[in-house]
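Text of upload36.txt, listed as compact mmCIF, C-alpha atoms and all ligand atoms:
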# COMPACT_ATOMS: atom_id res chain seq x y z
CA MET A 1 -18.42 41.03 -24.82
CA ASN A 2 -18.40 39.50 -21.33
CA TYR A 3 -16.98 41.23 -18.25
CA GLN A 4 -13.54 39.59 -18.45
CA ASP A 5 -13.19 40.14 -22.21
CA SER A 6 -13.59 43.87 -21.65
CA PHE A 7 -10.22 43.85 -19.87
CA ARG A 8 -8.63 42.19 -22.94
CA ASP A 9 -10.09 44.53 -25.52
CA LYS A 10 -7.48 45.03 -28.25
CA GLU A 11 -8.42 48.62 -29.02
CA LEU A 12 -8.30 49.62 -25.37
CA VAL A 13 -4.87 48.01 -24.98
CA GLN A 14 -3.57 49.73 -28.12
CA GLY A 15 -5.02 53.04 -26.96
CA LEU A 16 -3.18 52.73 -23.65
CA ALA A 17 0.02 51.87 -25.54
CA ARG A 18 -0.37 55.07 -27.62
CA ARG A 19 -0.89 57.13 -24.47
CA ILE A 20 2.25 55.67 -22.87
CA ALA A 21 4.22 56.41 -26.06
CA GLU A 22 2.98 60.02 -26.14
CA LEU A 23 3.83 60.50 -22.46
CA THR A 24 7.39 59.20 -22.75
CA ARG A 25 8.29 60.33 -26.31
CA GLY A 26 11.84 61.65 -26.68
CA ARG A 27 13.04 60.42 -23.31
CA LYS A 28 16.75 59.56 -23.50
CA LYS A 29 16.97 57.01 -20.67
CA PRO A 30 14.20 54.39 -20.68
CA LEU A 31 11.92 54.19 -17.68
CA VAL A 32 12.45 50.79 -16.05
CA PHE A 33 9.45 49.22 -14.34
CA MET A 34 9.66 45.88 -12.52
CA GLU A 35 6.84 43.41 -11.97
CA VAL A 36 7.26 41.33 -8.81
CA CYS A 37 4.54 38.77 -9.38
CA GLY A 38 4.84 35.63 -11.48
CA THR A 39 1.27 35.98 -12.72
CA HIS A 40 2.13 39.45 -14.08
CA THR A 41 5.23 37.98 -15.72
CA MET A 42 3.09 35.35 -17.45
CA ALA A 43 0.49 37.92 -18.54
CA ILE A 44 3.15 40.27 -19.95
CA TYR A 45 4.67 37.45 -22.02
CA GLN A 46 1.35 35.83 -22.96
CA TYR A 47 -0.18 39.04 -24.35
CA GLY A 48 3.08 40.31 -25.83
CA LEU A 49 2.75 43.57 -23.88
CA ARG A 50 6.48 44.45 -24.09
CA SER A 51 6.21 44.62 -27.87
CA LEU A 52 3.44 47.23 -27.57
CA LEU A 53 5.50 49.57 -25.44
CA PRO A 54 7.77 52.29 -26.86
CA PRO A 55 11.57 51.99 -26.48
CA GLU A 56 11.34 54.63 -23.75
CA VAL A 57 9.70 52.07 -21.41
CA LYS A 58 11.34 48.82 -20.34
CA LEU A 59 9.65 46.11 -18.26
CA ILE A 60 11.81 43.75 -16.22
CA SER A 61 10.80 40.76 -14.10
CA GLY A 62 11.70 40.43 -10.43
CA PRO A 63 11.43 37.84 -7.65
CA GLY A 64 7.72 37.15 -8.06
CA CYS A 65 7.68 33.41 -8.56
CA PRO A 66 7.44 31.65 -5.16
CA VAL A 67 8.80 28.34 -6.39
CA CYS A 68 11.71 30.09 -8.12
CA VAL A 69 12.84 32.05 -5.06
CA THR A 70 12.82 28.92 -2.89
CA PRO A 71 16.47 27.89 -2.55
CA ASN A 72 17.90 24.45 -3.27
CA GLY A 73 18.41 23.79 0.45
CA TYR A 74 14.64 23.68 0.98
CA LEU A 75 14.21 21.19 -1.86
CA ASP A 76 17.02 19.08 -0.46
CA ARG A 77 15.29 18.92 2.94
CA ALA A 78 11.97 17.97 1.33
CA ILE A 79 13.71 15.26 -0.67
CA ALA A 80 15.47 13.93 2.46
CA LEU A 81 12.10 13.82 4.26
CA SER A 82 10.51 11.95 1.36
CA ARG A 83 13.07 9.15 1.89
CA LEU A 84 11.94 8.53 5.49
CA PRO A 85 9.71 5.48 6.10
CA ASP A 86 5.98 5.95 6.69
CA LEU A 87 6.08 9.53 5.48
CA THR A 88 3.97 11.17 2.80
CA ILE A 89 4.96 14.43 1.14
CA THR A 90 2.06 16.57 -0.10
CA THR A 91 2.70 19.52 -2.38
CA PHE A 92 1.39 21.77 -5.10
CA GLY A 93 2.34 20.36 -8.50
CA ASP A 94 4.88 23.08 -9.38
CA MET A 95 7.36 21.80 -6.79
CA LEU A 96 7.61 18.28 -8.22
CA ARG A 97 10.05 18.97 -11.03
CA VAL A 98 12.17 21.67 -9.40
CA PRO A 99 15.72 20.34 -9.24
CA GLY A 100 17.36 20.21 -5.81
CA SER A 101 21.11 19.77 -5.43
CA SER A 102 21.14 16.27 -6.91
CA SER A 103 17.53 15.04 -7.24
CA SER A 104 13.94 16.23 -7.47
CA LEU A 105 10.69 15.16 -5.86
CA MET A 106 9.66 13.70 -9.23
CA GLU A 107 12.74 11.47 -9.28
CA GLU A 108 12.14 10.41 -5.69
CA ARG A 109 8.54 9.54 -6.50
CA ALA A 110 9.71 7.41 -9.42
CA LYS A 111 11.96 5.57 -6.95
CA GLY A 112 9.00 4.82 -4.71
CA ALA A 113 8.62 7.77 -2.33
CA ASP A 114 5.03 8.61 -1.37
CA ILE A 115 4.68 12.09 -2.84
CA ARG A 116 1.20 13.37 -3.66
CA VAL A 117 0.03 16.51 -5.44
CA VAL A 118 -2.76 18.34 -3.62
CA TYR A 119 -4.76 21.41 -4.56
CA SER A 120 -5.11 22.79 -1.03
CA PRO A 121 -3.27 22.31 2.27
CA LEU A 122 -6.61 21.14 3.69
CA ASP A 123 -6.37 18.13 1.33
CA ALA A 124 -3.11 17.30 3.10
CA VAL A 125 -4.85 17.52 6.48
CA ARG A 126 -7.52 15.12 5.18
CA ILE A 127 -4.80 12.69 4.06
CA ALA A 128 -3.23 12.88 7.54
CA ALA A 129 -6.59 12.24 9.21
CA ALA A 130 -7.26 9.23 6.98
CA ASN A 131 -3.77 7.74 7.49
CA PRO A 132 -2.95 7.92 11.20
CA ALA A 133 0.03 5.53 10.81
CA LYS A 134 1.70 7.92 8.36
CA ARG A 135 3.40 11.24 8.92
CA VAL A 136 2.11 13.72 6.35
CA VAL A 137 4.22 16.76 5.44
CA PHE A 138 2.85 19.66 3.38
CA LEU A 139 5.40 21.78 1.51
CA GLY A 140 4.47 25.33 2.51
CA VAL A 141 5.90 27.46 -0.28
CA GLY A 142 4.47 30.79 -1.38
CA PHE A 143 3.99 34.45 -0.55
CA GLU A 144 1.39 36.15 1.62
CA THR A 145 -1.32 34.83 -0.72
CA THR A 146 -0.74 31.16 0.06
CA ALA A 147 0.45 31.41 3.64
CA PRO A 148 -3.00 32.09 5.20
CA THR A 149 -4.37 28.83 3.76
CA VAL A 150 -1.40 26.96 5.22
CA ALA A 151 -1.97 28.68 8.56
CA GLY A 152 -5.61 27.53 8.32
CA SER A 153 -4.48 23.94 7.73
CA ILE A 154 -2.37 24.00 10.90
CA LEU A 155 -5.31 25.33 12.90
CA ALA A 156 -7.54 22.62 11.36
CA ALA A 157 -5.03 19.90 12.25
CA LYS A 158 -4.84 21.23 15.81
CA ALA A 159 -8.62 21.37 16.10
CA GLN A 160 -8.82 17.72 14.96
CA GLY A 161 -6.11 16.68 17.41
CA LEU A 162 -3.84 15.37 14.64
CA SER A 163 -0.27 14.59 15.65
CA ASN A 164 0.82 13.33 12.20
CA TYR A 165 0.44 16.54 10.15
CA PHE A 166 3.45 18.79 9.57
CA VAL A 167 4.36 21.76 7.40
CA LEU A 168 7.81 22.40 5.95
CA ALA A 169 7.40 26.17 5.83
CA SER A 170 9.26 28.41 3.40
CA HIS A 171 6.81 31.28 3.11
CA LYS A 172 8.14 34.63 2.06
CA THR A 173 6.90 38.20 2.23
CA MET A 174 7.21 40.56 -0.69
CA PRO A 175 8.03 44.10 0.51
CA GLN A 176 11.53 43.19 1.83
CA PRO A 177 13.09 42.08 -1.49
CA MET A 178 11.53 45.14 -3.13
CA ALA A 179 13.43 47.30 -0.63
CA ILE A 180 16.69 45.46 -1.38
CA LEU A 181 16.20 45.84 -5.13
CA SER A 182 15.29 49.52 -4.73
CA ALA A 183 18.61 50.14 -3.01
CA ASP A 184 20.63 48.22 -5.65
CA PRO A 185 22.73 50.76 -7.60
CA ASP A 186 23.03 48.37 -10.59
CA LEU A 187 19.29 48.21 -11.15
CA SER A 188 17.74 51.67 -10.94
CA VAL A 189 14.07 50.64 -10.89
CA ASP A 190 11.80 53.59 -11.76
CA GLY A 191 8.62 51.96 -10.47
CA TYR A 192 6.99 48.75 -9.34
CA ILE A 193 4.02 46.94 -10.81
CA CYS A 194 3.02 45.66 -7.37
CA PRO A 195 1.55 42.18 -7.01
CA ALA A 196 -2.22 41.89 -7.06
CA HIS A 197 -2.96 38.76 -5.02
CA VAL A 198 -0.32 39.53 -2.37
CA SER A 199 -1.68 43.08 -2.08
CA ALA A 200 -5.22 41.78 -1.58
CA ILE A 201 -3.88 40.24 1.65
CA ILE A 202 -1.32 42.77 2.91
CA GLY A 203 -3.02 45.91 1.52
CA ALA A 204 -1.53 48.67 -0.62
CA ASP A 205 -0.40 50.56 2.50
CA ALA A 206 2.41 47.98 2.83
CA TYR A 207 4.34 49.69 -0.01
CA ARG A 208 4.28 53.23 1.38
CA PHE A 209 7.70 52.82 2.99
CA LEU A 210 9.23 52.07 -0.44
CA CYS A 211 7.94 55.40 -1.78
CA ALA A 212 9.15 57.28 1.30
CA GLU A 213 12.58 55.66 1.65
CA TYR A 214 13.51 54.97 -1.98
CA GLN A 215 11.35 57.50 -3.87
CA VAL A 216 10.03 54.75 -6.13
CA PRO A 217 6.44 54.84 -7.46
CA CYS A 218 4.28 51.77 -6.75
CA VAL A 219 1.07 50.82 -8.54
CA VAL A 220 -0.92 47.77 -7.44
CA THR A 221 -2.03 46.35 -10.77
CA GLY A 222 -4.42 43.65 -12.01
CA PHE A 223 -3.54 40.81 -14.36
CA GLU A 224 -5.49 41.54 -17.52
CA PRO A 225 -3.78 43.31 -20.44
CA THR A 226 -5.65 46.59 -19.89
CA ASP A 227 -4.79 46.41 -16.17
CA VAL A 228 -1.08 46.04 -16.84
CA MET A 229 -1.00 48.75 -19.51
CA GLN A 230 -2.93 51.15 -17.28
CA GLY A 231 -0.56 50.33 -14.41
CA VAL A 232 2.39 51.16 -16.65
CA GLU A 233 0.77 54.43 -17.68
CA MET A 234 0.18 55.36 -14.02
CA LEU A 235 3.81 54.56 -13.18
CA ALA A 236 5.07 56.56 -16.16
CA ARG A 237 3.02 59.61 -15.13
CA GLN A 238 4.40 59.48 -11.59
CA ALA A 239 8.00 58.90 -12.71
CA LEU A 240 7.88 61.74 -15.25
CA GLN A 241 6.46 64.13 -12.66
CA GLY A 242 9.09 63.09 -10.09
CA GLU A 243 6.45 61.65 -7.75
CA SER A 244 6.58 58.49 -5.66
CA ARG A 245 3.20 57.41 -4.36
CA VAL A 246 1.30 54.17 -3.96
CA GLU A 247 -1.67 53.93 -6.30
CA ILE A 248 -4.21 51.16 -6.71
CA GLN A 249 -5.07 50.35 -10.31
CA TYR A 250 -6.67 47.03 -9.25
CA SER A 251 -9.34 48.71 -7.15
CA ARG A 252 -11.90 46.01 -7.97
CA VAL A 253 -10.02 43.69 -5.58
CA VAL A 254 -7.33 45.48 -3.53
CA ARG A 255 -7.90 47.75 -0.53
CA TRP A 256 -5.42 49.96 1.32
CA GLU A 257 -5.73 47.96 4.51
CA GLY A 258 -5.81 44.47 2.94
CA ASN A 259 -7.60 41.47 4.37
CA ALA A 260 -7.69 41.68 8.18
CA LYS A 261 -8.85 38.08 8.63
CA ALA A 262 -5.97 36.65 6.57
CA GLN A 263 -3.50 38.95 8.32
CA GLY A 264 -4.84 37.67 11.66
CA LEU A 265 -4.24 34.05 10.58
CA LEU A 266 -0.66 34.87 9.59
CA ALA A 267 0.01 36.65 12.88
CA GLU A 268 -1.45 33.76 14.87
CA VAL A 269 0.42 30.86 13.25
CA PHE A 270 3.62 32.35 11.82
CA THR A 271 6.38 34.59 13.01
CA PRO A 272 8.78 36.64 10.79
CA PHE A 273 12.33 35.37 10.34
CA ASP A 274 15.40 36.07 8.20
CA ALA A 275 14.68 33.94 5.13
CA PRO A 276 17.04 32.83 2.36
CA TRP A 277 15.99 33.77 -1.19
CA ARG A 278 17.50 32.10 -4.25
CA GLY A 279 19.98 34.49 -5.81
CA ILE A 280 19.21 37.33 -3.41
CA GLY A 281 20.52 35.93 -0.11
CA VAL A 282 19.18 36.08 3.43
CA LEU A 283 16.83 39.04 3.89
CA PRO A 284 15.97 40.20 7.41
CA GLY A 285 12.34 39.58 8.36
CA SER A 286 11.40 38.38 4.86
CA GLY A 287 10.08 34.93 5.74
CA LEU A 288 7.36 33.35 7.85
CA ARG A 289 8.28 30.42 10.08
CA ILE A 290 5.83 28.51 12.25
CA ALA A 291 5.41 30.23 15.63
CA ASP A 292 6.62 28.44 18.76
CA ALA A 293 3.05 27.88 19.93
CA TYR A 294 2.53 25.64 16.86
CA GLY A 295 6.03 24.10 16.85
CA GLU A 296 4.64 20.55 16.97
CA PHE A 297 3.50 21.08 13.34
CA ASP A 298 6.89 22.37 12.14
CA ALA A 299 8.48 19.62 10.03
CA GLU A 300 11.92 21.16 10.39
CA LEU A 301 11.74 20.85 14.21
CA ALA A 302 9.64 17.72 14.58
CA LEU A 303 11.27 15.59 11.86
CA PRO A 304 15.05 16.02 12.01
CA VAL A 305 16.76 14.60 8.94
CA GLN A 306 20.22 14.56 7.37
CA VAL A 307 20.25 16.95 4.39
CA GLU A 308 22.81 16.63 1.61
CA GLU A 309 25.45 19.28 1.01
CA LEU A 310 24.12 22.18 -1.06
CA LYS A 311 25.09 22.34 -4.74
CA GLU A 312 24.04 25.08 -7.15
CA HIS A 313 23.13 24.30 -10.76
CA GLN A 314 26.14 24.94 -12.96
CA GLY A 315 25.59 27.75 -15.43
CA CYS A 316 22.05 28.60 -14.27
CA LEU A 317 21.41 32.36 -13.99
CA CYS A 318 18.13 32.08 -12.03
CA GLY A 319 19.55 34.22 -9.22
CA GLU A 320 20.33 37.12 -11.58
CA ILE A 321 17.00 36.67 -13.38
CA LEU A 322 15.13 36.93 -10.07
CA LYS A 323 16.89 40.25 -9.42
CA GLY A 324 15.94 41.53 -12.87
CA LYS A 325 19.60 41.89 -13.87
CA VAL A 326 19.49 39.54 -16.85
CA ALA A 327 16.74 38.19 -19.11
CA PRO A 328 16.19 34.50 -19.93
CA GLY A 329 17.72 34.96 -23.38
CA ASP A 330 21.00 36.02 -21.71
CA CYS A 331 21.39 32.53 -20.22
CA PRO A 332 23.50 30.31 -22.49
CA LEU A 333 21.46 27.27 -21.41
CA PHE A 334 18.07 28.80 -22.32
CA GLY A 335 16.19 26.69 -24.85
CA GLY A 336 19.13 24.33 -25.33
CA LYS A 337 20.24 22.44 -22.27
CA CYS A 338 17.40 24.03 -20.29
CA THR A 339 13.80 23.59 -21.46
CA PRO A 340 10.51 22.96 -19.61
CA GLU A 341 10.88 19.24 -20.42
CA SER A 342 14.42 19.17 -19.05
CA PRO A 343 14.81 22.15 -16.69
CA VAL A 344 18.16 23.07 -15.19
CA GLY A 345 16.79 25.75 -12.85
CA ALA A 346 13.57 26.56 -11.02
CA CYS A 347 12.77 29.53 -13.29
CA MET A 348 12.19 27.08 -16.16
CA VAL A 349 9.97 24.73 -14.13
CA SER A 350 7.38 26.86 -12.44
CA SER A 351 4.28 27.94 -14.32
CA GLU A 352 5.13 31.45 -13.03
CA GLY A 353 8.86 31.31 -13.81
CA THR A 354 10.36 33.97 -16.08
CA CYS A 355 12.32 31.43 -18.15
CA ALA A 356 9.22 29.24 -18.56
CA ALA A 357 7.19 32.29 -19.65
CA ALA A 358 9.88 33.35 -22.13
CA PHE A 359 10.14 29.82 -23.52
CA LYS A 360 6.38 29.47 -23.91
CA TYR A 361 5.54 32.91 -25.30
CA GLY A 362 8.55 35.07 -25.69
CA ARG A 363 10.99 33.57 -28.15
FE1 LIG A 401 18.44 28.73 -15.13
FE2 LIG A 401 17.40 27.50 -17.25
FE3 LIG A 401 16.66 29.97 -16.74
FE4 LIG A 401 19.14 29.48 -17.60
S1 LIG A 401 17.25 29.17 -18.77
S2 LIG A 401 18.53 30.83 -15.92
S3 LIG A 401 19.51 27.49 -16.63
S4 LIG A 401 16.27 28.18 -15.46

Render the structure in this file as structure tokens.
Amino acid sequence: MNYQDSFRDKELVQGLARRIAELTRGRKKPLVFMEVCGTHTMAIYQYGLRSLLPPEVKLISGPGCPVCVTPNGYLDRAIALSRLPDLTITTFGDMLRVPGSSSSLMEERAKGADIRVVYSPLDAVRIAAANPAKRVVFLGVGFETTAPTVAGSILAAKAQGLSNYFVLASHKTMPQPMAILSADPDLSVDGYICPAHVSAIIGADAYRFLCAEYQVPCVVTGFEPTDVMQGVEMLARQALQGESRVEIQYSRVVRWEGNAKAQGLLAEVFTPFDAPWRGIGVLPGSGLRIADAYGEFDAELALPVQVEELKEHQGCLCGEILKGKVAPGDCPLFGGKCTPESPVGACMVSSEGTCAAAFKYGR
């Protein structure tokens, strides 16, 4: 058995499931734990972990998919930019098929827009350097995990003296929506499976305020089946004992203080702002916009464009799904009018979307 396989060992996973069942046996009201990371959502569906848990424990998905929480208005601006002459849009592949108000980047590309998939923002900087007559815009979408690499691309463009590289930034930070969801009387979350990659950057200390203000246990958890099941067991123990602490299950990667170098990059290039989240609304201080000192790289400032009037997708429940209030199967469009081949909402497009995960593994 190799190192990674040991975290997928069936007997270990089943043993953890038995321990969780013994801990929670006879409980009248199920313990509700929310994962706020799309990679956790995928792992939970892929390995069928919900089916291993007793009825006394319920897992719900939250706003952990960066593409899904990006509102239509951002897509509409990216699409409007893609229609400008001598402009190249560069993006991670997930964004291509996300529907905006009336089009998508995929449709615009089919009509002739220069839209290229890249694997790193530094690829976009290279494209800008090789094409000085073109304006190159990178779509900066993602949480604290992705944002440092985008910050690095802006610093690289500055160091190279490029004046044709821009970022359309829609980065978001995770603790703020967790606070909003913790205060929501309709949800009653008993604990958070905290994101692993985000926590590697911001550190587990970032969740302490949730425990203090909302008395909700937090466990930073890895992505393998034994990680998730152990994280659930740790949450259940805290919840049953009436405790609310931050614990690190994923100690092979995450530290209390996080990654100081990445945090330094974020502080240098970005500044917090009140960001809009799909389905959740505008949350104070929950986004990262490009700081004034780097304003020349901000596509929103440097490349003004007329953006179409915002339209939401009729019948799509993505907003409620991102708050954990409904499951994909509650959406009347799920698997019928809305499939990965023909998605109505972002949650069905992204590889980390809850609807996509349920369609692929959960039906
Ligand atoms: Fe939206 Fe489709 Fe999910 Fe329904 S199934 S909530 S339409 S993405």

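If you look at CA of Tyr45 in chain A and CA of Gly329 in chain A, they are 13.4 Å away from each other.
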
Selection as a ChimeraX atom specification: residues within 9 Å of ligand LIG 401 (chain A) by only C-alpha atoms and all ligand atoms: /A:68,313-321,326-340,343-349,353-356,359

Exercise: residues within 12 Å of coordinate (-7.3, 47.9, 0.5), counting all atoms listed in the file, as a list in words: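 The residues that fall inside the cut-off are Ala196, His197, Val198, Ser199, Ala200, Ile201, Ile202, Gly203, Ala204, Asp205, Ala206, Tyr207, Val220, Val246, Glu247, Ile248, Gln249, Tyr250, Ser251, Arg252, Val253, Val254, Arg255, Trp256, Glu257, Gly258, Asn259 and Ala260 of chain A.
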
If we count all atoms listed in the file and set the cut-off at 10 Å, which residues sit around Ala17 in chain A, ignoring sequence neighbours fewer than 6 positions away in its own chain? Please answer as a CSV table (one decimal) with C-alpha atoms, in the coordinates of the input.
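That gives us selection09.csv:
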chain,number,residue,atom,x,y,z
A,11,GLU,CA,-8.4,48.6,-29.0
A,23,LEU,CA,3.8,60.5,-22.5
A,49,LEU,CA,2.8,43.6,-23.9
A,50,ARG,CA,6.5,44.4,-24.1
A,51,SER,CA,6.2,44.6,-27.9
A,52,LEU,CA,3.4,47.2,-27.6
A,53,LEU,CA,5.5,49.6,-25.4
A,54,PRO,CA,7.8,52.3,-26.9
A,226,THR,CA,-5.6,46.6,-19.9
A,229,MET,CA,-1.0,48.8,-19.5
A,230,GLN,CA,-2.9,51.2,-17.3
A,232,VAL,CA,2.4,51.2,-16.6
A,233,GLU,CA,0.8,54.4,-17.7

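For the atom pair formed by CA of Pro272 in chain A and CA of Ser104 in chain A, the distance is 27.9 Å, given to one decimal.
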
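Distances to Ala302 in chain A were evaluated for A:Leu187, A:Val282, A:Val137, A:Leu288 using only C-alpha atoms, and the minimum falls at A:Val137.
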